[in-house]
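All remarks here apply to the structure that follows.
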Amino acid sequence: YRGLAGRSTNEVLQLYAAHGQQMKLQRSSVITQLHGAIKKRLKQDLKSLRSFAVEISKDFQRQSKTCLYQILAAVQGIQLQNEAMQMFQIKAFDLEQSLQEVTERYEKEKQKRKALHNNLIELRGNIRVHCRIRPLLPFDNAAGHSVSQDRQRNFSEKAAYAADDETVLVKCSRPGHASVNKTFQFERVYNDLESQDAVFADVAPLLTSLLDGYNVCIMAYGQTGSGKTYTMLGPQFEENLAFSIEEESELGIIPRATQEVFRLISEKPPGSYWVEVSVVEVYNNEIFDLLAKDSYGKVFGMKRDVVTTREGKSDVPLLTHVTVENASEFLHLVNKGLQLRVTHPTLVHAHSSRSHLVVTLTITTVVFGDNFGTLWEDEQTSQRQNKEASCTFPHRMRDNISTSSSRASSPVQLEAAEKMKQVKTRLQLVDLAGSECVGMSGVTGAALRETSFINRSLSALADVLGAIAEQRAHVPYRNSKLTHLLQDSVGGDAKLLVMLCISPGQKYLTESMQSLGFGTRARQVQRGQGKKKNFPVPSKGK
Ligand code: ADP
Ligand code: MG
């Protein structure tokens, strides 16, 4: 500014402008420098940023690749598993199908086997022997003899087993005794776990035969305590020997057979069937009518006799036959009769039964005369049966026909009554007395007498079966009241089922072997194929 003194305004202005110009130049060079530095720095930053971004994206790519591989591997694994699963499913399905096929084939074969088996039984002569082995029970352990503890333990062990459903195996080795290892074959063997239901399932087909016109007998054979009464009736009440009707699943053959008979009848035309019941006891070779009533209407065991009719059939004159309409009527009736049974406690079992019980269901079929020509194949047989039927029960049947309003009251039936023909078939259900030997029961005196009567009647039964086996002309039915009474349902074309009852314990070995022997001999009974009574089959034409 000292230089400006004395200068003209123009010069000052020029100087000022030049100074401004210089300043401007200086400023712009600084700006340029700054700009350059910033630009450089920015460039560097951008570069490092870019390389960082590239790094990141590379890393990301790497990582996503590994993830992708992992996912792919997992998916492949799942697919493989899926395929394997499908294979398994297919295999399982195939197996299931083939199992079903095998089961079906097995069922068919089983049915075929059963049918063949039945045919075989028919050919063998309508006699079948089944064997039931009861479970070991608490009283099997009770000391029957003065035996040492050691022997006692052996005694309570099993000696009889059901090897399969047709074979009994008796296996026993006791110190001081010859060892036993024997098998016995029967039509059916029940093990200790098999229910009353299972036993009855094999009995039921016989009842179809009954309504088809065959006489049928089902008898339980075995020593006291082996389960005869349980099998035939069901568990008994200790005090009065009646059996428990309430426990349906425990009911034995007799009540179930009656239910089945009434069920089969309910499928027939109403009024064409009658069912009558008689209950007798054979004690010391005497027949007692357990349904006979005294003048006060009280039941008491009336003595009866068995005779042979002119037609060669067995009959018990004056025997009480009660008509029953249903199974429960029957059960109450039988239970009342049972309370009269004579028993004598032996050492084997407190309520040993010393008598044979025979419950008979007589089924009368009414056939109208007009149908005879077409329905009855064999006129002569039918007439013989008719004559026989009316000889045996003429009054009762006429009474039934004319008085029973529920059965034959319609005018058509009354008109036709004259032409009515009756055919009777019999179902005899027998609870035999104990088959044990005297020594075993330890009885003396009156009880010994009982035992010898029992032994005699049972050996008479064995003789009868033996005579039939050998097809002897004379069958000694009349050697005992028991066989005489059972004649019509044991011989001829009747179907007989012997239910052997076996106590499994070692202490009963002798008795069990005896029963199995009886059953084996009974199985060998050969008879001509059963000819059924010529019953009217529901005609297809009419
Ligand atoms: P039995 O009439 O041959 O003398 P029981 O039928 O009276 O023999 O049977 C003797 C005992 O064994 C009874 O207490 C009976 O309930 C029982 N019992 C028999 N068989 C069986 C079985 N299969 N299951 C369960 N208990 C049975
Ligand atoms: Mg009994």
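Order determines the names: the first chain of the structure tokens is A, the second B, and so forth; residues in each chain are numbered 1 upward, and ligands are numbered 1 upward as they are shown.
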
Report task. Could you tell me, counting only C-alpha atoms and all ligand atoms, which protein and nucleic acid residues lie no more than 8 Å from ligand 2, written as a list in words? Result -> Thr224, Gly225, Gly227, Lys228, Thr229, Tyr230, His351, Ser352, Ser353, Asp431, Leu432, Ala433 and Gly434 of chain A

Using only C-alpha atoms and all ligand atoms, find each residue of chain A with at least one atom at most 10 Å away from an atom of ligand 1; report its shortest atom-to-atom pair and that distance in Å (one decimal), sort the rows by chain and rising residue number, and return the result as JSON lines.
```
{"residue": "A:Arg132", "atom": "CA", "partner": "ligand 1", "partner_atom_place_in_ligand_line": "23 (N)", "distance": 7.5}
{"residue": "A:Ile133", "atom": "CA", "partner": "ligand 1", "partner_atom_place_in_ligand_line": "23 (N)", "distance": 7.0}
{"residue": "A:Arg134", "atom": "CA", "partner": "ligand 1", "partner_atom_place_in_ligand_line": "23 (N)", "distance": 4.3}
{"residue": "A:Pro135", "atom": "CA", "partner": "ligand 1", "partner_atom_place_in_ligand_line": "24 (N)", "distance": 5.8}
{"residue": "A:Leu136", "atom": "CA", "partner": "ligand 1", "partner_atom_place_in_ligand_line": "26 (N)", "distance": 8.3}
{"residue": "A:Leu137", "atom": "CA", "partner": "ligand 1", "partner_atom_place_in_ligand_line": "12 (O)", "distance": 6.8}
{"residue": "A:Pro138", "atom": "CA", "partner": "ligand 1", "partner_atom_place_in_ligand_line": "12 (O)", "distance": 9.2}
{"residue": "A:Phe139", "atom": "CA", "partner": "ligand 1", "partner_atom_place_in_ligand_line": "11 (C)", "distance": 8.4}
{"residue": "A:Asp140", "atom": "CA", "partner": "ligand 1", "partner_atom_place_in_ligand_line": "12 (O)", "distance": 9.4}
{"residue": "A:Tyr190", "atom": "CA", "partner": "ligand 1", "partner_atom_place_in_ligand_line": "23 (N)", "distance": 9.0}
{"residue": "A:Asn191", "atom": "CA", "partner": "ligand 1", "partner_atom_place_in_ligand_line": "23 (N)", "distance": 8.5}
{"residue": "A:Asp192", "atom": "CA", "partner": "ligand 1", "partner_atom_place_in_ligand_line": "23 (N)", "distance": 5.9}
{"residue": "A:Leu193", "atom": "CA", "partner": "ligand 1", "partner_atom_place_in_ligand_line": "23 (N)", "distance": 7.2}
{"residue": "A:Glu194", "atom": "CA", "partner": "ligand 1", "partner_atom_place_in_ligand_line": "23 (N)", "distance": 7.2}
{"residue": "A:Ser195", "atom": "CA", "partner": "ligand 1", "partner_atom_place_in_ligand_line": "23 (N)", "distance": 7.0}
{"residue": "A:Gln196", "atom": "CA", "partner": "ligand 1", "partner_atom_place_in_ligand_line": "23 (N)", "distance": 7.5}
{"residue": "A:Val199", "atom": "CA", "partner": "ligand 1", "partner_atom_place_in_ligand_line": "23 (N)", "distance": 9.7}
{"residue": "A:Ala220", "atom": "CA", "partner": "ligand 1", "partner_atom_place_in_ligand_line": "3 (O)", "distance": 8.1}
{"residue": "A:Tyr221", "atom": "CA", "partner": "ligand 1", "partner_atom_place_in_ligand_line": "3 (O)", "distance": 7.8}
{"residue": "A:Gly222", "atom": "CA", "partner": "ligand 1", "partner_atom_place_in_ligand_line": "3 (O)", "distance": 6.1}
{"residue": "A:Gln223", "atom": "CA", "partner": "ligand 1", "partner_atom_place_in_ligand_line": "3 (O)", "distance": 5.8}
{"residue": "A:Thr224", "atom": "CA", "partner": "ligand 1", "partner_atom_place_in_ligand_line": "4 (O)", "distance": 3.6}
{"residue": "A:Gly225", "atom": "CA", "partner": "ligand 1", "partner_atom_place_in_ligand_line": "4 (O)", "distance": 3.5}
{"residue": "A:Ser226", "atom": "CA", "partner": "ligand 1", "partner_atom_place_in_ligand_line": "3 (O)", "distance": 4.0}
{"residue": "A:Gly227", "atom": "CA", "partner": "ligand 1", "partner_atom_place_in_ligand_line": "6 (O)", "distance": 3.3}
{"residue": "A:Lys228", "atom": "CA", "partner": "ligand 1", "partner_atom_place_in_ligand_line": "3 (O)", "distance": 3.7}
{"residue": "A:Thr229", "atom": "CA", "partner": "ligand 1", "partner_atom_place_in_ligand_line": "2 (O)", "distance": 3.6}
{"residue": "A:Tyr230", "atom": "CA", "partner": "ligand 1", "partner_atom_place_in_ligand_line": "6 (O)", "distance": 3.5}
{"residue": "A:Thr231", "atom": "CA", "partner": "ligand 1", "partner_atom_place_in_ligand_line": "6 (O)", "distance": 6.3}
{"residue": "A:Met232", "atom": "CA", "partner": "ligand 1", "partner_atom_place_in_ligand_line": "6 (O)", "distance": 7.8}
{"residue": "A:Leu233", "atom": "CA", "partner": "ligand 1", "partner_atom_place_in_ligand_line": "6 (O)", "distance": 8.1}
{"residue": "A:Gly234", "atom": "CA", "partner": "ligand 1", "partner_atom_place_in_ligand_line": "6 (O)", "distance": 7.3}
{"residue": "A:Pro235", "atom": "CA", "partner": "ligand 1", "partner_atom_place_in_ligand_line": "16 (O)", "distance": 4.7}
{"residue": "A:Gln236", "atom": "CA", "partner": "ligand 1", "partner_atom_place_in_ligand_line": "16 (O)", "distance": 6.7}
{"residue": "A:Phe237", "atom": "CA", "partner": "ligand 1", "partner_atom_place_in_ligand_line": "16 (O)", "distance": 9.3}
{"residue": "A:Glu238", "atom": "CA", "partner": "ligand 1", "partner_atom_place_in_ligand_line": "14 (O)", "distance": 8.8}
{"residue": "A:Leu241", "atom": "CA", "partner": "ligand 1", "partner_atom_place_in_ligand_line": "7 (O)", "distance": 9.4}
{"residue": "A:Glu250", "atom": "CA", "partner": "ligand 1", "partner_atom_place_in_ligand_line": "24 (N)", "distance": 9.0}
{"residue": "A:Gly252", "atom": "CA", "partner": "ligand 1", "partner_atom_place_in_ligand_line": "6 (O)", "distance": 9.8}
{"residue": "A:Val348", "atom": "CA", "partner": "ligand 1", "partner_atom_place_in_ligand_line": "4 (O)", "distance": 8.8}
{"residue": "A:His349", "atom": "CA", "partner": "ligand 1", "partner_atom_place_in_ligand_line": "4 (O)", "distance": 7.0}
{"residue": "A:Ala350", "atom": "CA", "partner": "ligand 1", "partner_atom_place_in_ligand_line": "7 (O)", "distance": 9.0}
{"residue": "A:His351", "atom": "CA", "partner": "ligand 1", "partner_atom_place_in_ligand_line": "7 (O)", "distance": 7.0}
{"residue": "A:Ser352", "atom": "CA", "partner": "ligand 1", "partner_atom_place_in_ligand_line": "4 (O)", "distance": 5.3}
{"residue": "A:Ser353", "atom": "CA", "partner": "ligand 1", "partner_atom_place_in_ligand_line": "4 (O)", "distance": 6.0}
{"residue": "A:Arg354", "atom": "CA", "partner": "ligand 1", "partner_atom_place_in_ligand_line": "4 (O)", "distance": 9.1}
{"residue": "A:Asp431", "atom": "CA", "partner": "ligand 1", "partner_atom_place_in_ligand_line": "2 (O)", "distance": 7.4}
{"residue": "A:Leu432", "atom": "CA", "partner": "ligand 1", "partner_atom_place_in_ligand_line": "2 (O)", "distance": 8.2}
{"residue": "A:Ala433", "atom": "CA", "partner": "ligand 1", "partner_atom_place_in_ligand_line": "4 (O)", "distance": 7.8}
{"residue": "A:Gly434", "atom": "CA", "partner": "ligand 1", "partner_atom_place_in_ligand_line": "4 (O)", "distance": 6.4}
{"residue": "A:Ser435", "atom": "CA", "partner": "ligand 1", "partner_atom_place_in_ligand_line": "3 (O)", "distance": 9.0}
{"residue": "A:Leu500", "atom": "CA", "partner": "ligand 1", "partner_atom_place_in_ligand_line": "3 (O)", "distance": 9.7}
{"residue": "A:Cys501", "atom": "CA", "partner": "ligand 1", "partner_atom_place_in_ligand_line": "3 (O)", "distance": 6.9}
{"residue": "A:Ile502", "atom": "CA", "partner": "ligand 1", "partner_atom_place_in_ligand_line": "3 (O)", "distance": 8.4}
{"residue": "A:Ser503", "atom": "CA", "partner": "ligand 1", "partner_atom_place_in_ligand_line": "20 (N)", "distance": 8.4}
```

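With CA of Phe243 in chain A on one side and CA of Gln259 in chain A on the other, the separation reads 15.7 Å.
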
Query raised in the report: At what distance in Å, to one decimal, does CA of Tyr214 in chain A lie from CA of Glu311 in chain A?
Result: 17.3 Å

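By only C-alpha atoms, and with residues fewer than 5 positions from Thr320 in chain A along its chain excluded, the set lying at most 12 Å from it is Glu276, Val277, Ser278, Val279, Val280, Phe288, Asp289, Leu290, Leu291, Ala292, Lys293, Asp294, Val299, Phe300, Gly301, Met302, Lys303, Arg304, Asp315, Leu333, Gly337, Val359, Thr360, Leu361, Thr362, Phe393 and Arg396 of chain A.
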
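Computed from the coordinates, the CA of Gly519 in chain A to CA of His356 in chain A distance equals 17.7 Å.
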
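Minimum distance to Gln506 in chain A across A:Ser244, A:Asn141, A:Ser295, A:Thr208 (counting only C-alpha atoms) occurs at A:Asn141.
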
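Using only C-alpha atoms, the shortest contact distance between Gln428 in chain A and any of A:Ala115, A:Val366, A:Leu25, A:Leu207 is found at A:Leu207.
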
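Distance annotation: of A:Val54, A:Arg426, A:Phe184, A:Ile253, the residue with the minimal separation from Asp212 in chain A is A:Arg426; atom set is only C-alpha atoms.
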
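For the set A:Phe186, A:Tyr508, A:Tyr477, A:Phe518, the residue with the smallest atom-to-atom gap to Ala160 in chain A is A:Tyr508, counting only C-alpha atoms.
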
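Minimum distance to Leu465 in chain A across A:Ser515, A:Gln44, A:Thr483, A:Thr309 (counting only C-alpha atoms) occurs at A:Thr483.
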
Requested in this report: Identify, with DSSP run on backbone atoms, the residues in range 208-285 of chain A assigned to strand (DSSP E), and express the list as a list of chain:residue names.
Outcome: A:Val216, A:Cys217, A:Ile218, A:Met219, A:Ala220, A:Tyr221, A:Tyr273, A:Trp274, A:Val275, A:Glu276, A:Val277, A:Ser278, A:Val279, A:Val280, A:Glu281, A:Val282, A:Tyr283

Keeping only N, CA, C and O atoms, write the selected residues as a tab-separated table (two decimals), in the first residue's frame.
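Output (result16.tsv):
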```
chain	number	residue	atom	x	y	z
A	216	VAL	N	-78.03	-139.78	19.59
A	216	VAL	CA	-76.71	-139.30	19.97
A	216	VAL	C	-76.48	-139.55	21.46
A	216	VAL	O	-77.40	-139.39	22.26
A	217	CYS	N	-75.28	-139.97	21.78
A	217	CYS	CA	-74.92	-140.13	23.19
A	217	CYS	C	-73.58	-139.45	23.44
A	217	CYS	O	-72.63	-139.62	22.69
A	218	ILE	N	-73.55	-138.65	24.48
A	218	ILE	CA	-72.28	-138.02	24.88
A	218	ILE	C	-72.03	-138.43	26.32
A	218	ILE	O	-72.86	-138.17	27.19
A	219	MET	N	-70.93	-139.12	26.55
A	219	MET	CA	-70.66	-139.56	27.93
A	219	MET	C	-69.28	-139.15	28.39
A	219	MET	O	-68.32	-139.12	27.62
A	220	ALA	N	-69.20	-138.79	29.68
A	220	ALA	CA	-67.91	-138.42	30.26
A	220	ALA	C	-67.40	-139.59	31.09
A	220	ALA	O	-68.12	-140.11	31.94
A	221	TYR	N	-66.18	-140.00	30.78
A	221	TYR	CA	-65.56	-141.15	31.46
A	221	TYR	C	-64.29	-140.67	32.16
A	221	TYR	O	-63.52	-139.90	31.60
A	273	TYR	N	-91.79	-129.99	16.37
A	273	TYR	CA	-90.85	-130.66	17.28
A	273	TYR	C	-91.29	-130.55	18.74
A	273	TYR	O	-91.80	-129.51	19.15
A	274	TRP	N	-91.12	-131.62	19.49
A	274	TRP	CA	-91.36	-131.63	20.94
A	274	TRP	C	-90.08	-132.03	21.63
A	274	TRP	O	-89.36	-132.89	21.12
A	275	VAL	N	-89.84	-131.49	22.78
A	275	VAL	CA	-88.68	-131.93	23.56
A	275	VAL	C	-89.15	-132.39	24.93
A	275	VAL	O	-89.85	-131.67	25.64
A	276	GLU	N	-88.80	-133.64	25.26
A	276	GLU	CA	-89.12	-134.15	26.58
A	276	GLU	C	-87.83	-134.53	27.29
A	276	GLU	O	-86.87	-134.96	26.65
A	277	VAL	N	-87.87	-134.38	28.60
A	277	VAL	CA	-86.66	-134.64	29.38
A	277	VAL	C	-86.92	-135.72	30.41
A	277	VAL	O	-87.99	-135.76	31.03
A	278	SER	N	-85.94	-136.59	30.57
A	278	SER	CA	-85.96	-137.50	31.72
A	278	SER	C	-84.58	-137.47	32.34
A	278	SER	O	-83.58	-137.25	31.66
A	279	VAL	N	-84.55	-137.61	33.64
A	279	VAL	CA	-83.27	-137.63	34.36
A	279	VAL	C	-83.24	-138.88	35.23
A	279	VAL	O	-84.12	-139.05	36.08
A	280	VAL	N	-82.29	-139.75	34.96
A	280	VAL	CA	-82.19	-140.93	35.80
A	280	VAL	C	-80.77	-141.08	36.33
A	280	VAL	O	-79.82	-140.54	35.78
A	281	GLU	N	-80.72	-141.83	37.42
A	281	GLU	CA	-79.43	-142.13	38.02
A	281	GLU	C	-79.33	-143.63	38.12
A	281	GLU	O	-80.30	-144.30	38.49
A	282	VAL	N	-78.19	-144.17	37.72
A	282	VAL	CA	-77.99	-145.61	37.87
A	282	VAL	C	-77.04	-145.79	39.06
A	282	VAL	O	-75.88	-145.37	39.00
A	283	TYR	N	-77.59	-146.33	40.14
A	283	TYR	CA	-76.81	-146.47	41.37
A	283	TYR	C	-76.92	-147.92	41.84
A	283	TYR	O	-78.03	-148.45	41.98
```

Query raised in the report: Hey, which of A:Leu461, A:Val358, A:Ala37, A:Ile31 ends up closest to Pro476 in chain A? Count only C-alpha atoms.
Result: A:Leu461
